[in-house]
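Data file: data-v8.pdb. Format and content: PDB, C-alpha atoms and all ligand atoms.
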MODEL        1
ATOM      1  CA  VAL S   1      69.422   9.719   2.921
ATOM      2  CA  ASP S   2      71.207  12.926   3.851
ATOM      3  CA  ARG S   3      70.329  15.074   0.912
ATOM      4  CA  LEU S   4      72.340  17.975  -0.343
ATOM      5  CA  ARG S   5      70.765  21.383  -0.891
ATOM      6  CA  PHE S   6      72.380  24.149  -2.871
ATOM      7  CA  GLY S   7      71.300  27.726  -2.315
ATOM      8  CA  VAL S   8      72.325  30.507  -4.673
ATOM      9  CA  ASP S   9      71.957  34.181  -3.808
ATOM     10  CA  LEU S  10      72.140  36.392  -6.873
ATOM     11  CA  GLY S  11      73.144  39.889  -5.857
ATOM     12  CA  GLY S  12      73.854  43.005  -7.866
ATOM     13  CA  THR S  13      77.623  42.700  -7.432
ATOM     14  CA  LYS S  14      78.249  39.154  -6.194
ATOM     15  CA  THR S  15      76.676  35.747  -6.515
ATOM     16  CA  GLU S  16      77.071  33.257  -3.704
ATOM     17  CA  ILE S  17      76.507  29.511  -3.578
ATOM     18  CA  LEU S  18      76.226  27.494  -0.398
ATOM     19  CA  ALA S  19      75.633  23.791   0.235
ATOM     20  CA  LEU S  20      73.672  22.578   3.254
ATOM     21  CA  ASP S  21      73.289  19.054   4.535
ATOM     22  CA  GLY S  22      69.996  17.790   5.955
ATOM     23  CA  GLU S  23      70.755  19.315   9.365
ATOM     24  CA  GLY S  24      71.441  22.768   7.924
ATOM     25  CA  ARG S  25      75.218  22.455   8.305
ATOM     26  CA  GLU S  26      77.240  24.399   5.797
ATOM     27  CA  LEU S  27      79.410  22.152   3.635
ATOM     28  CA  LEU S  28      80.675  24.663   1.109
ATOM     29  CA  ARG S  29      80.449  28.332   0.252
ATOM     30  CA  GLU S  30      81.776  30.141  -2.815
ATOM     31  CA  ARG S  31      81.409  33.634  -4.200
ATOM     32  CA  ALA S  32      81.846  35.024  -7.695
ATOM     33  CA  PRO S  33      81.265  38.469  -9.177
ATOM     34  CA  THR S  34      77.854  38.746 -10.842
ATOM     35  CA  PRO S  35      78.504  39.104 -14.592
ATOM     36  CA  LYS S  36      77.802  42.532 -16.027
ATOM     37  CA  ASP S  37      77.671  41.328 -19.636
ATOM     38  CA  GLY S  38      74.132  40.098 -19.816
ATOM     39  CA  TYR S  39      71.640  37.448 -18.987
ATOM     40  CA  ASP S  40      73.238  34.386 -20.603
ATOM     41  CA  ALA S  41      76.410  34.945 -18.587
ATOM     42  CA  ILE S  42      74.367  34.940 -15.344
ATOM     43  CA  VAL S  43      72.717  31.613 -16.260
ATOM     44  CA  ARG S  44      76.123  30.139 -17.145
ATOM     45  CA  LEU S  45      77.685  31.350 -13.888
ATOM     46  CA  ILE S  46      74.998  29.710 -11.743
ATOM     47  CA  ARG S  47      75.223  26.473 -13.732
ATOM     48  CA  ASP S  48      79.024  26.426 -13.368
ATOM     49  CA  LEU S  49      78.897  27.191  -9.628
ATOM     50  CA  VAL S  50      76.453  24.319  -9.009
ATOM     51  CA  LEU S  51      78.342  21.818 -11.163
ATOM     52  CA  ALA S  52      81.687  22.714  -9.574
ATOM     53  CA  ALA S  53      80.199  22.383  -6.071
ATOM     54  CA  GLU S  54      78.720  18.982  -6.925
ATOM     55  CA  ALA S  55      82.066  17.825  -8.270
ATOM     56  CA  ARG S  56      83.797  18.919  -5.056
ATOM     57  CA  LEU S  57      81.239  17.298  -2.757
ATOM     58  CA  GLY S  58      80.889  14.194  -4.911
ATOM     59  CA  ARG S  59      77.085  14.105  -5.108
ATOM     60  CA  PRO S  60      74.166  15.932  -6.675
ATOM     61  CA  GLY S  61      71.743  18.195  -4.861
ATOM     62  CA  THR S  62      68.630  20.301  -5.184
ATOM     63  CA  VAL S  63      68.979  23.918  -6.286
ATOM     64  CA  GLY S  64      67.139  26.992  -5.010
ATOM     65  CA  VAL S  65      67.937  30.522  -6.142
ATOM     66  CA  GLY S  66      67.122  33.816  -4.437
ATOM     67  CA  ILE S  67      66.748  36.824  -6.699
ATOM     68  CA  PRO S  68      66.062  40.511  -6.127
ATOM     69  CA  GLY S  69      62.700  40.300  -7.897
ATOM     70  CA  ALA S  70      59.838  37.928  -8.610
ATOM     71  CA  ILE S  71      58.472  35.718 -11.352
ATOM     72  CA  SER S  72      55.242  37.218 -12.642
ATOM     73  CA  PRO S  73      52.398  34.692 -12.348
ATOM     74  CA  ALA S  74      50.832  36.349 -15.395
ATOM     75  CA  THR S  75      53.782  35.973 -17.761
ATOM     76  CA  GLY S  76      56.178  33.505 -16.105
ATOM     77  CA  LEU S  77      58.909  36.133 -16.548
ATOM     78  CA  VAL S  78      61.001  38.010 -13.987
ATOM     79  CA  LYS S  79      59.633  41.373 -12.857
ATOM     80  CA  ASN S  80      60.643  44.030 -10.283
ATOM     81  CA  ALA S  81      64.326  43.010 -10.397
ATOM     82  CA  ASN S  82      67.063  45.527  -9.716
ATOM     83  CA  THR S  83      69.485  43.234 -11.558
ATOM     84  CA  THR S  84      67.853  44.491 -14.723
ATOM     85  CA  ALA S  85      69.364  41.848 -17.050
ATOM     86  CA  LEU S  86      66.829  39.432 -15.507
ATOM     87  CA  ILE S  87      63.720  41.462 -16.317
ATOM     88  CA  GLY S  88      61.497  39.779 -18.865
ATOM     89  CA  GLN S  89      63.472  36.513 -18.780
ATOM     90  CA  ALA S  90      62.114  33.030 -17.991
ATOM     91  CA  PHE S  91      64.917  32.647 -15.448
ATOM     92  CA  ASP S  92      63.526  29.619 -13.614
ATOM     93  CA  ARG S  93      62.964  27.651 -16.826
ATOM     94  CA  ASP S  94      66.338  28.640 -18.263
ATOM     95  CA  LEU S  95      68.152  27.584 -15.071
ATOM     96  CA  SER S  96      66.189  24.319 -14.957
ATOM     97  CA  ALA S  97      67.222  23.596 -18.552
ATOM     98  CA  ALA S  98      70.866  24.526 -17.918
ATOM     99  CA  LEU S  99      71.043  22.251 -14.845
ATOM    100  CA  ALA S 100      68.763  19.472 -16.140
ATOM    101  CA  ARG S 101      66.577  19.549 -13.014
ATOM    102  CA  GLU S 102      63.835  21.668 -11.518
ATOM    103  CA  VAL S 103      65.314  24.855 -10.030
ATOM    104  CA  ARG S 104      63.224  26.798  -7.518
ATOM    105  CA  LEU S 105      63.365  30.567  -7.648
ATOM    106  CA  GLU S 106      62.212  32.969  -4.961
ATOM    107  CA  ASN S 107      62.365  36.622  -4.026
ATOM    108  CA  ASP S 108      65.308  37.296  -1.711
ATOM    109  CA  ALA S 109      63.079  38.745   1.033
ATOM    110  CA  ASN S 110      61.101  35.499   1.074
ATOM    111  CA  CYS S 111      64.372  33.542   1.254
ATOM    112  CA  PHE S 112      65.328  35.625   4.298
ATOM    113  CA  ALA S 113      62.018  34.870   6.045
ATOM    114  CA  LEU S 114      62.267  31.176   5.170
ATOM    115  CA  SER S 115      65.819  30.859   6.465
ATOM    116  CA  GLU S 116      64.888  32.415   9.798
ATOM    117  CA  ALA S 117      61.726  30.281   9.975
ATOM    118  CA  VAL S 118      63.509  26.971   9.325
ATOM    119  CA  ASP S 119      66.433  27.215  11.750
ATOM    120  CA  GLY S 120      66.863  30.852  12.694
ATOM    121  CA  ALA S 121      65.183  33.428  14.915
ATOM    122  CA  GLY S 122      61.742  32.020  14.068
ATOM    123  CA  ALA S 123      62.613  28.323  14.239
ATOM    124  CA  GLY S 124      59.500  26.299  14.985
ATOM    125  CA  ALA S 125      57.116  29.266  14.690
ATOM    126  CA  ARG S 126      54.060  28.958  12.465
ATOM    127  CA  ALA S 127      54.102  32.483  11.031
ATOM    128  CA  VAL S 128      57.350  34.431  10.618
ATOM    129  CA  PHE S 129      57.362  37.982   9.275
ATOM    130  CA  GLY S 130      60.843  38.789   7.995
ATOM    131  CA  ALA S 131      61.116  42.555   7.623
ATOM    132  CA  ILE S 132      64.066  43.930   5.689
ATOM    133  CA  VAL S 133      64.893  47.484   6.698
ATOM    134  CA  GLY S 134      67.874  48.858   4.832
ATOM    135  CA  THR S 135      68.082  51.086   1.792
ATOM    136  CA  GLY S 136      64.392  50.194   1.314
ATOM    137  CA  VAL S 137      61.674  48.558   3.402
ATOM    138  CA  GLY S 138      60.234  45.203   2.402
ATOM    139  CA  ALA S 139      59.461  41.849   3.941
ATOM    140  CA  GLY S 140      58.990  38.190   3.298
ATOM    141  CA  LEU S 141      56.561  35.826   4.888
ATOM    142  CA  ALA S 142      57.025  32.187   5.900
ATOM    143  CA  LEU S 143      54.064  30.132   7.098
ATOM    144  CA  PHE S 144      54.527  26.645   8.563
ATOM    145  CA  GLY S 145      58.136  26.590   7.390
ATOM    146  CA  ARG S 146      57.340  27.507   3.781
ATOM    147  CA  VAL S 147      57.397  30.696   1.772
ATOM    148  CA  TRP S 148      54.009  32.373   1.409
ATOM    149  CA  ALA S 149      54.498  34.442  -1.729
ATOM    150  CA  GLY S 150      50.876  35.421  -2.261
ATOM    151  CA  ARG S 151      48.622  35.581  -5.300
ATOM    152  CA  GLN S 152      50.417  38.585  -6.822
ATOM    153  CA  LEU S 153      53.741  37.450  -5.298
ATOM    154  CA  ILE S 154      53.785  40.625  -3.205
ATOM    155  CA  ALA S 155      53.020  39.215   0.249
ATOM    156  CA  GLY S 156      55.057  41.287   2.708
ATOM    157  CA  GLU S 157      55.432  44.349   0.467
ATOM    158  CA  TRP S 158      54.194  46.644   3.176
ATOM    159  CA  GLY S 159      56.901  49.230   2.618
ATOM    160  CA  HIS S 160      54.606  50.914   0.113
ATOM    161  CA  ASN S 161      51.660  51.184   2.444
ATOM    162  CA  PRO S 162      51.302  54.653   3.941
ATOM    163  CA  LEU S 163      52.877  55.392   7.322
ATOM    164  CA  PRO S 164      50.127  54.478   9.826
ATOM    165  CA  TRP S 165      48.695  56.856  12.451
ATOM    166  CA  PRO S 166      50.528  59.866  10.977
ATOM    167  CA  SER S 167      50.720  63.171  12.798
ATOM    168  CA  LEU S 168      49.616  66.294  10.959
ATOM    169  CA  ALA S 169      53.281  67.246  10.577
ATOM    170  CA  GLU S 170      54.032  63.852   9.033
ATOM    171  CA  LEU S 171      51.125  64.223   6.626
ATOM    172  CA  GLU S 172      52.415  67.606   5.535
ATOM    173  CA  ALA S 173      56.039  66.467   5.205
ATOM    174  CA  ALA S 174      55.191  63.125   3.501
ATOM    175  CA  PRO S 175      58.193  62.445   1.247
ATOM    176  CA  ARG S 176      57.679  61.461  -2.362
ATOM    177  CA  CYS S 177      58.358  57.752  -3.005
ATOM    178  CA  TYR S 178      59.876  56.280  -6.179
ATOM    179  CA  CYS S 179      56.693  54.201  -6.518
ATOM    180  CA  GLY S 180      54.763  57.375  -7.366
ATOM    181  CA  LYS S 181      52.973  57.821  -4.049
ATOM    182  CA  HIS S 182      53.761  59.968  -1.011
ATOM    183  CA  GLY S 183      54.483  59.040   2.584
ATOM    184  CA  CYS S 184      55.090  55.314   2.053
ATOM    185  CA  ILE S 185      56.485  53.445   5.083
ATOM    186  CA  GLU S 186      59.724  53.113   3.115
ATOM    187  CA  THR S 187      60.079  56.901   2.856
ATOM    188  CA  TRP S 188      59.968  57.138   6.671
ATOM    189  CA  CYS S 189      61.578  53.917   7.910
ATOM    190  CA  ALA S 190      64.419  52.979   5.520
ATOM    191  CA  GLY S 191      67.990  53.890   6.515
ATOM    192  CA  PRO S 192      68.136  56.839   4.093
ATOM    193  CA  ALA S 193      64.796  58.028   5.530
ATOM    194  CA  LEU S 194      66.354  58.356   8.997
ATOM    195  CA  ALA S 195      69.125  60.441   7.426
ATOM    196  CA  ALA S 196      66.649  62.606   5.480
ATOM    197  CA  ASP S 197      64.462  63.204   8.544
ATOM    198  CA  HIS S 198      67.505  64.118  10.637
ATOM    199  CA  ALA S 199      68.695  66.488   7.872
ATOM    200  CA  ARG S 200      65.275  68.203   7.721
ATOM    201  CA  ALA S 201      65.383  68.772  11.486
ATOM    202  CA  THR S 202      69.029  69.812  11.847
ATOM    203  CA  GLY S 203      70.406  70.822   8.445
ATOM    204  CA  ARG S 204      73.196  68.251   9.013
ATOM    205  CA  ASP S 205      73.869  65.985   6.066
ATOM    206  CA  TRP S 206      74.708  62.814   7.997
ATOM    207  CA  GLY S 207      74.238  59.151   7.073
ATOM    208  CA  SER S 208      72.254  56.820   9.306
ATOM    209  CA  GLU S 209      75.387  55.236  10.829
ATOM    210  CA  ARG S 210      76.777  58.580  11.902
ATOM    211  CA  ILE S 211      73.410  59.570  13.390
ATOM    212  CA  LEU S 212      73.241  56.345  15.418
ATOM    213  CA  GLU S 213      76.796  56.823  16.677
ATOM    214  CA  ALA S 214      76.102  60.416  17.661
ATOM    215  CA  ALA S 215      72.887  59.380  19.426
ATOM    216  CA  ALA S 216      74.820  56.767  21.414
ATOM    217  CA  GLN S 217      77.253  59.507  22.473
ATOM    218  CA  GLY S 218      74.486  61.743  23.758
ATOM    219  CA  ASP S 219      73.796  64.059  20.790
ATOM    220  CA  GLU S 220      70.238  65.242  21.484
ATOM    221  CA  ALA S 221      69.185  65.982  17.902
ATOM    222  CA  ALA S 222      70.518  62.635  16.692
ATOM    223  CA  GLU S 223      68.757  60.866  19.566
ATOM    224  CA  ALA S 224      65.493  62.649  18.717
ATOM    225  CA  ALA S 225      65.795  61.541  15.079
ATOM    226  CA  TYR S 226      66.422  57.953  16.208
ATOM    227  CA  ARG S 227      63.317  58.124  18.432
ATOM    228  CA  ARG S 228      61.130  59.457  15.624
ATOM    229  CA  TRP S 229      62.429  56.723  13.349
ATOM    230  CA  THR S 230      61.810  53.890  15.849
ATOM    231  CA  ASP S 231      58.349  55.270  16.630
ATOM    232  CA  ARG S 232      57.474  55.185  12.915
ATOM    233  CA  LEU S 233      58.877  51.684  12.531
ATOM    234  CA  GLY S 234      56.891  50.600  15.589
ATOM    235  CA  ARG S 235      53.648  51.976  14.126
ATOM    236  CA  SER S 236      54.425  50.295  10.812
ATOM    237  CA  LEU S 237      54.960  46.923  12.506
ATOM    238  CA  ALA S 238      51.733  47.360  14.485
ATOM    239  CA  HIS S 239      49.954  47.468  11.130
ATOM    240  CA  VAL S 240      51.468  44.087  10.294
ATOM    241  CA  VAL S 241      50.475  42.641  13.674
ATOM    242  CA  ASN S 242      46.871  43.810  13.246
ATOM    243  CA  VAL S 243      46.617  42.110   9.830
ATOM    244  CA  LEU S 244      48.729  38.979  10.226
ATOM    245  CA  ASP S 245      49.501  38.608  13.947
ATOM    246  CA  PRO S 246      52.725  36.681  13.254
ATOM    247  CA  ASP S 247      54.395  34.519  15.910
ATOM    248  CA  VAL S 248      57.787  36.130  15.381
ATOM    249  CA  ILE S 249      59.028  39.301  13.679
ATOM    250  CA  VAL S 250      62.633  39.263  12.460
ATOM    251  CA  ILE S 251      64.319  42.440  11.252
ATOM    252  CA  GLY S 252      67.024  42.061   8.626
ATOM    253  CA  GLY S 253      68.772  44.589   6.428
ATOM    254  CA  GLY S 254      71.334  47.143   7.572
ATOM    255  CA  MET S 255      69.008  48.815  10.087
ATOM    256  CA  GLY S 256      68.181  45.453  11.670
ATOM    257  CA  LYS S 257      71.736  45.516  13.062
ATOM    258  CA  VAL S 258      70.895  48.398  15.413
ATOM    259  CA  ALA S 259      71.037  46.511  18.716
ATOM    260  CA  ARG S 260      68.942  48.913  20.839
ATOM    261  CA  LEU S 261      66.053  48.577  18.371
ATOM    262  CA  TYR S 262      65.053  45.286  19.985
ATOM    263  CA  ASP S 263      64.699  46.894  23.406
ATOM    264  CA  ASP S 264      62.908  49.970  22.109
ATOM    265  CA  LEU S 265      60.426  48.567  19.585
ATOM    266  CA  PRO S 266      57.963  46.486  21.688
ATOM    267  CA  SER S 267      56.716  49.465  23.696
ATOM    268  CA  LEU S 268      56.286  51.456  20.462
ATOM    269  CA  VAL S 269      54.296  48.706  18.738
ATOM    270  CA  ARG S 270      52.101  47.816  21.722
ATOM    271  CA  PRO S 271      49.912  50.981  21.917
ATOM    272  CA  HIS S 272      48.765  50.508  18.299
ATOM    273  CA  VAL S 273      47.952  46.785  18.472
ATOM    274  CA  PHE S 274      44.250  46.033  18.751
ATOM    275  CA  SER S 275      44.686  43.719  21.711
ATOM    276  CA  ASP S 276      45.013  43.980  25.471
ATOM    277  CA  GLU S 277      48.343  42.216  25.273
ATOM    278  CA  PHE S 278      51.249  42.200  22.870
ATOM    279  CA  THR S 279      53.895  39.523  23.407
ATOM    280  CA  THR S 280      55.192  38.975  19.859
ATOM    281  CA  PRO S 281      58.993  38.583  19.904
ATOM    282  CA  ILE S 282      60.871  41.045  17.696
ATOM    283  CA  ARG S 283      64.306  39.582  17.034
ATOM    284  CA  PRO S 284      67.477  40.119  15.013
ATOM    285  CA  PRO S 285      68.231  37.429  12.436
ATOM    286  CA  VAL S 286      70.276  34.426  13.588
ATOM    287  CA  HIS S 287      71.923  33.935  10.211
ATOM    288  CA  GLY S 288      72.623  37.587   9.497
ATOM    289  CA  ASP S 289      73.742  38.264   5.956
ATOM    290  CA  SER S 290      73.661  34.522   5.192
ATOM    291  CA  SER S 291      69.901  34.285   5.555
ATOM    292  CA  GLY S 292      69.241  34.915   1.847
ATOM    293  CA  VAL S 293      71.465  32.135   0.560
ATOM    294  CA  ARG S 294      70.394  29.703   3.313
ATOM    295  CA  GLY S 295      66.741  30.406   2.558
ATOM    296  CA  ALA S 296      67.362  29.705  -1.133
ATOM    297  CA  ALA S 297      68.747  26.285  -0.168
ATOM    298  CA  TRP S 298      65.703  25.644   2.057
ATOM    299  CA  LEU S 299      63.348  26.244  -0.895
ATOM    300  CA  TRP S 300      63.631  22.489  -1.132
ATOM    301  CA  GLY S 301      62.103  21.663   2.234
ATOM    302  CA  ARG S 302      62.662  18.706   4.504
ATOM    303  CA  GLU S 303      59.595  16.988   3.034
ATOM    304  CA  GLY S 304      59.994  17.725  -0.665
TER     305      GLY S 304
HETATM  306 ZN    ZN M 401      56.184  53.805  -2.234
ENDMDL
END
Starting from the coordinates I provided, produce the structure as structure tokens.
Amino acid sequence: VDRLRFGVDLGGTKTEILALDGEGRELLRERAPTPKDGYDAIVRLIRDLVLAAEARLGRPGTVGVGIPGAISPATGLVKNANTTALIGQAFDRDLSAALAREVRLENDANCFALSEAVDGAGAGARAVFGAIVGTGVGAGLALFGRVWAGRQLIAGEWGHNPLPWPSLAELEAAPRCYCGKHGCIETWCAGPALAADHARATGRDWGSERILEAAAQGDEAAEAAYRRWTDRLGRSLAHVVNVLDPDVIVIGGGMGKVARLYDDLPSLVRPHVFSDEFTTPIRPPVHGDSSGVRGAAWLWGREG
């Protein structure tokens, strides 16, 4: 039986639903604005999107939902969500009740890693580390084609480890992080961190895109900022390799779109890896911005 899988990606401004067949082909995709008027409206929107999609396709399917947050194993309630209407809600149970079936819920970074592990840049690999480098730095982890969320549901949250192998200057300049600590990987390797580092060095208040453009056109200060940023990201990924030694590293988020990153990173990771060889592929995502919603659909795997 060719089963139908629905994936829903709940974002801060839009909510997307997608239907995949058993081969991962996209049968339908719809978007709606994420309601601003509270939690019940979000539950109703997801229910209505699924029911409308089933009516159009003429058969029922499984439902997986990616959210910017996690379900606390201690309380069963959503925590760490930047769509704050979800915090403290039993979102998985409420969606399951609204749709009269079990609904699987997962952190959006884990959905990204899963999507790339199932049929993306890490297809067929045992261990896929899906880094998301954008306005923040996070990651998801997929092992043997399934999400590995971890005991605290924080597997992959390496953005709040300290920047590894820091120079004295980096120790002294360590930026304050919203998490309460200083010098987290996120404060050095996120997109805004590139801009802040470049501003400290040059006094120019440029965004990361402008810096990358200027670097490509031969601006020396912008190029130097790019090199410091890639070196820090390389060290940070070496930390991951030394702990997990994944088969594939995929870099999503806005900064993962920087094409030259994939040429530059391996030689910056290699010197810090505790091994005489380093061959781990570091790749851009195959599914791009669709990885979150595809991964949500794949929460119902080929076996279950
Ligand atoms: Zn932090």
Tell me, as an MDAnalysis selection string, which residues lie within 10 Å of S:Thr279, counting only C-alpha atoms; anything in the same chain fewer than 2 positions away does not count.
chainID S and resid 247:248 266 270 277 281:282
Could you list the protein, DNA and RNA residues that have any atom within 10 Å of ligand ZN 401 (chain M), counting all atoms listed in the file, and write them as a list in words?
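Listed by chain and ascending number, the contacts are Gly136, Val137, Glu157, Trp158, Gly159, His160, Asn161, Pro162, Pro175, Arg176, Cys177, Tyr178, Cys179, Gly180, Lys181, His182, Gly183, Cys184, Ile185, Glu186 and Thr187 of chain S.
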Name the closest residue to S:Ile71 among the candidates S:Gly138, S:Gly301, S:Gly253, S:Gly88; distances are taken between atoms, counting all atoms listed in the file.
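Nearest to S:Ile71: S:Gly88.
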Starting from the PyMOL selection byres (((chain S and resi 209-219) around 12) and not hetatm), expand the selection into actual residues of this file and give them as a ChimeraX atom specification.
/S:134,191-199,202,204-208,220-227,229-230,254-255,257-261
Taking the file as shown, what set of residues would the PyMOL selection byres (((chain S and resi 289-298) around 10) and not hetatm) give back, as a ChimeraX atom specification?
/S:4-11,15-22,24,26,29,61-67,104-120,145-147,252-254,285-288,299-302
Just write the chosen residues, C-alpha atoms, as a PDB file, keeping the file's coordinate frame.
ATOM      1  CA  LEU S   4      72.340  17.975  -0.343  1.00  0.00           C
ATOM      2  CA  ARG S   5      70.765  21.383  -0.891  1.00  0.00           C
ATOM      3  CA  PHE S   6      72.380  24.149  -2.871  1.00  0.00           C
ATOM      4  CA  GLY S   7      71.300  27.726  -2.315  1.00  0.00           C
ATOM      5  CA  VAL S   8      72.325  30.507  -4.673  1.00  0.00           C
ATOM      6  CA  ASP S   9      71.957  34.181  -3.808  1.00  0.00           C
ATOM      7  CA  LEU S  10      72.140  36.392  -6.873  1.00  0.00           C
ATOM      8  CA  GLY S  11      73.144  39.889  -5.857  1.00  0.00           C
ATOM      9  CA  THR S  15      76.676  35.747  -6.515  1.00  0.00           C
ATOM     10  CA  GLU S  16      77.071  33.257  -3.704  1.00  0.00           C
ATOM     11  CA  ILE S  17      76.507  29.511  -3.578  1.00  0.00           C
ATOM     12  CA  LEU S  18      76.226  27.494  -0.398  1.00  0.00           C
ATOM     13  CA  ALA S  19      75.633  23.791   0.235  1.00  0.00           C
ATOM     14  CA  LEU S  20      73.672  22.578   3.254  1.00  0.00           C
ATOM     15  CA  ASP S  21      73.289  19.054   4.535  1.00  0.00           C
ATOM     16  CA  GLY S  22      69.996  17.790   5.955  1.00  0.00           C
ATOM     17  CA  GLY S  24      71.441  22.768   7.924  1.00  0.00           C
ATOM     18  CA  GLU S  26      77.240  24.399   5.797  1.00  0.00           C
ATOM     19  CA  ARG S  29      80.449  28.332   0.252  1.00  0.00           C
ATOM     20  CA  GLY S  61      71.743  18.195  -4.861  1.00  0.00           C
ATOM     21  CA  THR S  62      68.630  20.301  -5.184  1.00  0.00           C
ATOM     22  CA  VAL S  63      68.979  23.918  -6.286  1.00  0.00           C
ATOM     23  CA  GLY S  64      67.139  26.992  -5.010  1.00  0.00           C
ATOM     24  CA  VAL S  65      67.937  30.522  -6.142  1.00  0.00           C
ATOM     25  CA  GLY S  66      67.122  33.816  -4.437  1.00  0.00           C
ATOM     26  CA  ILE S  67      66.748  36.824  -6.699  1.00  0.00           C
ATOM     27  CA  ARG S 104      63.224  26.798  -7.518  1.00  0.00           C
ATOM     28  CA  LEU S 105      63.365  30.567  -7.648  1.00  0.00           C
ATOM     29  CA  GLU S 106      62.212  32.969  -4.961  1.00  0.00           C
ATOM     30  CA  ASN S 107      62.365  36.622  -4.026  1.00  0.00           C
ATOM     31  CA  ASP S 108      65.308  37.296  -1.711  1.00  0.00           C
ATOM     32  CA  ALA S 109      63.079  38.745   1.033  1.00  0.00           C
ATOM     33  CA  ASN S 110      61.101  35.499   1.074  1.00  0.00           C
ATOM     34  CA  CYS S 111      64.372  33.542   1.254  1.00  0.00           C
ATOM     35  CA  PHE S 112      65.328  35.625   4.298  1.00  0.00           C
ATOM     36  CA  ALA S 113      62.018  34.870   6.045  1.00  0.00           C
ATOM     37  CA  LEU S 114      62.267  31.176   5.170  1.00  0.00           C
ATOM     38  CA  SER S 115      65.819  30.859   6.465  1.00  0.00           C
ATOM     39  CA  GLU S 116      64.888  32.415   9.798  1.00  0.00           C
ATOM     40  CA  ALA S 117      61.726  30.281   9.975  1.00  0.00           C
ATOM     41  CA  VAL S 118      63.509  26.971   9.325  1.00  0.00           C
ATOM     42  CA  ASP S 119      66.433  27.215  11.750  1.00  0.00           C
ATOM     43  CA  GLY S 120      66.863  30.852  12.694  1.00  0.00           C
ATOM     44  CA  GLY S 145      58.136  26.590   7.390  1.00  0.00           C
ATOM     45  CA  ARG S 146      57.340  27.507   3.781  1.00  0.00           C
ATOM     46  CA  VAL S 147      57.397  30.696   1.772  1.00  0.00           C
ATOM     47  CA  GLY S 252      67.024  42.061   8.626  1.00  0.00           C
ATOM     48  CA  GLY S 253      68.772  44.589   6.428  1.00  0.00           C
ATOM     49  CA  GLY S 254      71.334  47.143   7.572  1.00  0.00           C
ATOM     50  CA  PRO S 285      68.231  37.429  12.436  1.00  0.00           C
ATOM     51  CA  VAL S 286      70.276  34.426  13.588  1.00  0.00           C
ATOM     52  CA  HIS S 287      71.923  33.935  10.211  1.00  0.00           C
ATOM     53  CA  GLY S 288      72.623  37.587   9.497  1.00  0.00           C
ATOM     54  CA  LEU S 299      63.348  26.244  -0.895  1.00  0.00           C
ATOM     55  CA  TRP S 300      63.631  22.489  -1.132  1.00  0.00           C
ATOM     56  CA  GLY S 301      62.103  21.663   2.234  1.00  0.00           C
ATOM     57  CA  ARG S 302      62.662  18.706   4.504  1.00  0.00           C
TER      58      ARG S 302
END
What's the separation between atom CA of S:His272 and atom CA of S:Gly234, in Å to one decimal place?
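Value for the atom CA of S:His272-atom CA of S:Gly234 distance: 8.6 Å.
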Given all atoms listed in the file as the basis, pick out the residue of S:Asp231, S:Ala100, S:Lys14, S:Leu141 nearest to S:Val50.
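Between S:Asp231, S:Ala100, S:Lys14, S:Leu141, the residue approaching S:Val50 most closely is S:Ala100.
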Which residue is closest to S:Arg56? Choose from S:Glu30, S:Ile154, S:Lys36, S:Val43 and count all atoms listed in the file.
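That would be S:Glu30, the residue with the smallest distance to S:Arg56.
Going from atom CA of S:Ala131 over to atom CA of S:Val240, you cover 10.1 Å.
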Which residues, named as in the file, does the PyMOL selection byres (((chain S and resi 233) around 9) and not hetatm) pick out? Answer as number ranges by chain.
S: 163, 185, 188-189, 228-232, 234-238, 265, 268-269
In Å, rounded to a single decimal, give me how far atom CA of S:Ile251 is from atom CA of S:Pro271.
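Taking atom CA of S:Pro271 as the start and atom CA of S:Ile251 as the end point, the length is 19.9 Å.
Considering only C-alpha atoms, the residue among S:Ala174, S:Leu244, S:Ala201, S:Ala32 positioned nearest to S:Leu45 is S:Ala32.
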Kindly complete stretch 10-17 of chain S to N, CA and C atoms; the output should be written as a short mmCIF file (atom, residue, chain, number, x, y, z; two decimals), keeping the file's coordinate frame.
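To be explicit, this is the file written out as selection-v2.cif:
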data_model
loop_
_atom_site.label_atom_id
_atom_site.label_comp_id
_atom_site.auth_asym_id
_atom_site.auth_seq_id
_atom_site.Cartn_x
_atom_site.Cartn_y
_atom_site.Cartn_z
N LEU S 10 71.69 35.53 -5.77
CA LEU S 10 72.14 36.39 -6.87
C LEU S 10 72.02 37.84 -6.44
N GLY S 11 73.16 38.48 -6.25
CA GLY S 11 73.14 39.89 -5.86
C GLY S 11 73.58 40.78 -7.01
N GLY S 12 73.49 42.07 -6.81
CA GLY S 12 73.85 43.00 -7.87
C GLY S 12 75.34 42.95 -8.19
N THR S 13 76.19 42.70 -7.18
CA THR S 13 77.62 42.70 -7.43
C THR S 13 78.25 41.32 -7.25
N LYS S 14 77.67 40.48 -6.37
CA LYS S 14 78.25 39.15 -6.19
C LYS S 14 77.15 38.09 -6.17
N THR S 15 77.57 36.90 -6.56
CA THR S 15 76.68 35.75 -6.52
C THR S 15 77.32 34.72 -5.61
N GLU S 16 76.53 34.18 -4.70
CA GLU S 16 77.07 33.26 -3.70
C GLU S 16 76.35 31.92 -3.81
N ILE S 17 77.11 30.85 -3.66
CA ILE S 17 76.51 29.51 -3.58
C ILE S 17 76.90 28.90 -2.25
#
